[in-house]
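In what follows, a single structure is set out as structure tokens and then discussed.
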Amino acid sequence: MFDLAVFGSLFLTLFVIMDPPGITPIFLALTAGRPAKVQRRMALQAVCVAGGVITVFGLLGHQILNYLHVSVPALMIAGGLLLLLIALDLLTGKTDEPKQTKDVNVALVPLGMPLLAGPGAIVSVILAVQKADSVSTQVSVWSAILAIHVVLWLVMRYSLLIIRVIKDGGVVLVTRLAGMMLSAIAVQQIINGVTQVIQGS
């Protein structure tokens with residue numbers, strides 16, 4: 001009743017796409033200055049939002065995209081642009097006095113989506129669910145999805161220990177580095193979307 005190959009393949013794919021180690025500095029930058037209890041709650045909220053989005057698209061992905069007449073490349077480009085806006089804020093220091101993170105729950109956007117539940121993860125899950133033609137493969141697919149979200153929560157939950165070590169100056173440095181990383185991810189996502197549009201035309 002369990003296909004280890006399917007589980008391992010999807011888990012590794014989602015691990016590379018959702019990148020738990022890479023999300024750590026971005027999470028620290030976006031939640032800096034908040035009480036530890038709030039940061040822990042935001043880590044859980046981000047994972048729950050990502051899990052909810054992934055689940056909905058896993059079950060209804062093709063129907064949703066077809067109904068909205070949205071292509072996968074369009075989804076990638078839109079997600080990339082949104083991430084780029086967040087990255088520019090981090091790079092320019094607008095989040096040092098984080099008005100946006102006090103008024104808006106960053107666990108929802110951009111952490112939950114599109115950082116964790118981005119176009120790459122959504123498409124991978126849609127394809128994996130489609131290919132799962134038996135009960136055992138379906139169980140394996142959804143187990144892999146659950147497992148990667150548990151890993152994401154653990155990484156963000158315990159990354160808060162880093163803040164206690166690096167102090168305020170370190171947080172500023174991490175924020176700038178996170179901005180650079182996030183801008184690169186955003187630009188690559190836009191490039192991938194544009195490339196797919198060109199190849200499909």
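All residue names refer to the structure tokens as shown: chains lettered A, B, ... in order, residues numbered from 1 in each chain, ligands numbered from 1 in order.
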task: Do a neighbour search on stretch 33-48 of chain A at 6 Å with only C-alpha atoms, toss out local chain neighbours closer than 4 positions, and write the hits as an MDAnalysis selection string.
output: chainID A and resid 52 107:108 111:112 156:157
Could you please take those selected residues and save N, CA, C and O atoms as a short mmCIF file (atom, residue, chain, number, x, y, z; two decimals), in the first residue's frame?
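Result went into part-v6.cif, see below:
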data_model
loop_
_atom_site.label_atom_id
_atom_site.label_comp_id
_atom_site.auth_asym_id
_atom_site.auth_seq_id
_atom_site.Cartn_x
_atom_site.Cartn_y
_atom_site.Cartn_z
N GLY A 52 -2.23 24.10 2.25
CA GLY A 52 -3.59 24.27 1.74
C GLY A 52 -3.61 24.55 0.25
O GLY A 52 -4.41 23.96 -0.50
N ALA A 107 3.25 35.53 6.70
CA ALA A 107 3.11 34.08 6.66
C ALA A 107 2.21 33.67 5.48
O ALA A 107 2.35 32.57 4.94
N LEU A 108 1.30 34.58 5.11
CA LEU A 108 0.40 34.29 3.98
C LEU A 108 1.08 34.62 2.67
O LEU A 108 1.19 33.78 1.77
N LEU A 111 5.47 34.29 2.18
CA LEU A 111 6.01 33.01 2.64
C LEU A 111 5.17 31.82 2.18
O LEU A 111 5.67 30.92 1.50
N GLY A 112 3.90 31.81 2.58
CA GLY A 112 3.05 30.69 2.22
C GLY A 112 2.93 30.52 0.71
O GLY A 112 3.07 29.44 0.16
N MET A 156 11.92 26.22 9.74
CA MET A 156 11.58 27.61 10.11
C MET A 156 11.42 27.75 11.61
O MET A 156 11.86 28.75 12.19
N ARG A 157 10.82 26.76 12.23
CA ARG A 157 10.59 26.81 13.69
C ARG A 157 11.91 26.93 14.44
O ARG A 157 12.05 27.74 15.36
#
Give me, as a Markdown table, the closest atom pair and its distance (Å, one decimal) for every residue of stretch 61-152 of chain A within a cut-off of 7 Å of stretch 18-26 of chain A, counting only C-alpha atoms, rows sorted by chain and rising number.
| residue | atom | partner | partner_atom | distance |
| --- | --- | --- | --- | --- |
| A:Leu116 | CA | A:Met18 | CA | 5.3 |
| A:Ala121 | CA | A:Met18 | CA | 6.9 |
| A:Leu152 | CA | A:Pro20 | CA | 5.4 |
message: Between atom CA of A:Ser134 and atom CA of A:Leu4, what distance in Å does the model show, to one decimal?
response: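 One can read the atom CA of A:Ser134 to atom CA of A:Leu4 distance as 13.6 Å.
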- request: Mind checking which residues fall within 9 Å of stretch 54-65 of chain A, counting only C-alpha atoms, ignoring those fewer than 5 positions away in the same chain, and posting them as JSON, numbers by chain?
  value: {"A": [49, 70, 71, 72, 117, 118, 121, 122, 123, 124, 125, 126, 127, 128, 129, 130, 142, 145]}
task: With a distance cut-off of 12 Å and only C-alpha atoms, select the neighbouring residues of A:Asp133, excluding the residue or stretch itself and same-chain residues fewer than 6 positions from it, and output the selection as an MDAnalysis selection string.
output: chainID A and resid 3 6 127 139:141
Take the residues that were just selected and, keeping N, CA and C atoms, output them as a PDB file, in the first residue's frame.
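The file below, selection_6.pdb, is the result:
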ATOM      1  N   ASP A   3       4.264   3.128  -2.137  1.00  0.00           N
ATOM      2  CA  ASP A   3       5.288   3.085  -3.189  1.00  0.00           C
ATOM      3  C   ASP A   3       6.435   4.016  -2.788  1.00  0.00           C
ATOM      4  N   VAL A   6       7.913   6.401  -5.594  1.00  0.00           N
ATOM      5  CA  VAL A   6       7.078   7.580  -5.865  1.00  0.00           C
ATOM      6  C   VAL A   6       7.236   8.602  -4.744  1.00  0.00           C
ATOM      7  N   LEU A 127       1.100  17.231 -11.553  1.00  0.00           N
ATOM      8  CA  LEU A 127       1.562  16.122 -12.403  1.00  0.00           C
ATOM      9  C   LEU A 127       1.654  14.817 -11.613  1.00  0.00           C
ATOM     10  N   VAL A 139      -1.416   7.374  -1.998  1.00  0.00           N
ATOM     11  CA  VAL A 139      -0.970   7.471  -0.600  1.00  0.00           C
ATOM     12  C   VAL A 139       0.477   7.964  -0.553  1.00  0.00           C
ATOM     13  N   SER A 140       1.314   7.455  -1.454  1.00  0.00           N
ATOM     14  CA  SER A 140       2.724   7.849  -1.485  1.00  0.00           C
ATOM     15  C   SER A 140       2.886   9.320  -1.842  1.00  0.00           C
ATOM     16  N   VAL A 141       2.102   9.786  -2.824  1.00  0.00           N
ATOM     17  CA  VAL A 141       2.164  11.187  -3.252  1.00  0.00           C
ATOM     18  C   VAL A 141       1.780  12.119  -2.113  1.00  0.00           C
TER      19      VAL A 141
END
message: Please compute the atom CA of A:Pro119-atom CA of A:Met76 distance, one decimal, in Å.
response: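 Separation between atom CA of A:Pro119 and atom CA of A:Met76: 5.4 Å.
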message: Just the number, please: distance in Å from atom CA of A:Ile162 to atom CA of A:Val53, one decimal.
response: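 Between these atoms lies a distance of 28.4 Å.
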query: Near A:Leu83, within 12 Å and counting only C-alpha atoms, which residues show up once chain neighbours fewer than 2 positions away are dropped, as a PyMOL selection string?
result: chain A and resi 26+76-81+85-90+109-116+118-119+178-190
Expected file: the selected residues, N, CA and C atoms, as a tab-separated table (two decimals), in the first residue's frame:
chain	number	residue	atom	x	y	z
A	26	ILE	N	15.29	34.01	4.44
A	26	ILE	CA	14.16	34.83	4.01
A	26	ILE	C	13.12	34.90	5.13
A	76	MET	N	3.97	31.36	-13.48
A	76	MET	CA	5.38	31.49	-13.11
A	76	MET	C	5.82	32.96	-13.17
A	77	ILE	N	5.43	33.66	-14.24
A	77	ILE	CA	5.84	35.06	-14.40
A	77	ILE	C	5.21	35.93	-13.31
A	78	ALA	N	3.92	35.71	-13.04
A	78	ALA	CA	3.25	36.49	-11.99
A	78	ALA	C	3.88	36.26	-10.63
A	79	GLY	N	4.19	34.99	-10.32
A	79	GLY	CA	4.84	34.68	-9.05
A	79	GLY	C	6.22	35.31	-8.96
A	80	GLY	N	6.96	35.32	-10.08
A	80	GLY	CA	8.28	35.92	-10.11
A	80	GLY	C	8.24	37.42	-9.86
A	81	LEU	N	7.26	38.09	-10.46
A	81	LEU	CA	7.14	39.54	-10.27
A	81	LEU	C	6.81	39.88	-8.82
A	85	LEU	N	9.23	42.12	-6.13
A	85	LEU	CA	8.83	43.28	-5.33
A	85	LEU	C	9.24	43.12	-3.87
A	86	ILE	N	9.04	41.93	-3.33
A	86	ILE	CA	9.43	41.66	-1.94
A	86	ILE	C	10.95	41.75	-1.80
A	87	ALA	N	11.68	41.20	-2.78
A	87	ALA	CA	13.14	41.21	-2.75
A	87	ALA	C	13.68	42.64	-2.76
A	88	LEU	N	13.07	43.51	-3.55
A	88	LEU	CA	13.52	44.91	-3.62
A	88	LEU	C	13.33	45.60	-2.28
A	89	ASP	N	12.24	45.29	-1.59
A	89	ASP	CA	12.02	45.85	-0.25
A	89	ASP	C	13.12	45.42	0.72
A	90	LEU	N	13.48	44.14	0.64
A	90	LEU	CA	14.53	43.62	1.54
A	90	LEU	C	15.88	44.25	1.23
A	109	VAL	N	1.52	35.87	2.52
A	109	VAL	CA	2.24	36.35	1.33
A	109	VAL	C	3.43	37.17	1.83
A	110	PRO	N	4.66	36.88	1.43
A	110	PRO	CA	5.03	35.94	0.37
A	110	PRO	C	5.45	34.55	0.85
A	111	LEU	N	5.47	34.29	2.18
A	111	LEU	CA	6.01	33.01	2.64
A	111	LEU	C	5.17	31.82	2.18
A	112	GLY	N	3.90	31.81	2.58
A	112	GLY	CA	3.05	30.69	2.22
A	112	GLY	C	2.93	30.52	0.71
A	113	MET	N	2.67	31.64	0.06
A	113	MET	CA	2.59	31.67	-1.40
A	113	MET	C	3.04	33.05	-1.85
A	114	PRO	N	3.95	33.17	-2.84
A	114	PRO	CA	4.44	32.11	-3.73
A	114	PRO	C	5.79	31.52	-3.37
A	115	LEU	N	6.36	31.82	-2.18
A	115	LEU	CA	7.68	31.27	-1.87
A	115	LEU	C	7.65	29.75	-1.68
A	116	LEU	N	6.79	29.28	-0.80
A	116	LEU	CA	6.71	27.83	-0.57
A	116	LEU	C	5.82	27.16	-1.61
A	118	GLY	N	4.88	27.79	-4.63
A	118	GLY	CA	5.09	28.53	-5.87
A	118	GLY	C	4.67	27.70	-7.08
A	119	PRO	N	4.81	28.29	-8.27
A	119	PRO	CA	4.42	27.59	-9.50
A	119	PRO	C	5.11	26.25	-9.68
A	178	ALA	N	19.15	37.77	1.98
A	178	ALA	CA	17.87	37.18	1.58
A	178	ALA	C	17.28	37.93	0.38
A	179	GLY	N	17.43	39.25	0.39
A	179	GLY	CA	16.95	40.05	-0.74
A	179	GLY	C	17.63	39.68	-2.03
A	180	MET	N	18.96	39.48	-1.97
A	180	MET	CA	19.71	39.08	-3.16
A	180	MET	C	19.27	37.70	-3.65
A	181	MET	N	19.15	36.75	-2.72
A	181	MET	CA	18.74	35.41	-3.10
A	181	MET	C	17.34	35.41	-3.70
A	182	LEU	N	16.45	36.15	-3.04
A	182	LEU	CA	15.06	36.18	-3.48
A	182	LEU	C	14.92	36.84	-4.85
A	183	SER	N	15.72	37.90	-5.10
A	183	SER	CA	15.65	38.56	-6.40
A	183	SER	C	16.14	37.62	-7.50
A	184	ALA	N	17.19	36.84	-7.20
A	184	ALA	CA	17.69	35.87	-8.18
A	184	ALA	C	16.65	34.79	-8.48
A	185	ILE	N	15.99	34.30	-7.42
A	185	ILE	CA	14.93	33.30	-7.59
A	185	ILE	C	13.80	33.88	-8.45
A	186	ALA	N	13.43	35.13	-8.16
A	186	ALA	CA	12.34	35.78	-8.88
A	186	ALA	C	12.66	35.95	-10.36
A	187	VAL	N	13.86	36.45	-10.64
A	187	VAL	CA	14.26	36.66	-12.03
A	187	VAL	C	14.32	35.33	-12.79
A	188	GLN	N	14.86	34.30	-12.14
A	188	GLN	CA	14.93	32.98	-12.79
A	188	GLN	C	13.53	32.45	-13.08
A	189	GLN	N	12.60	32.69	-12.16
A	189	GLN	CA	11.23	32.22	-12.36
A	189	GLN	C	10.59	32.94	-13.54
A	190	ILE	N	10.84	34.25	-13.65
A	190	ILE	CA	10.31	35.02	-14.78
A	190	ILE	C	10.92	34.52	-16.09
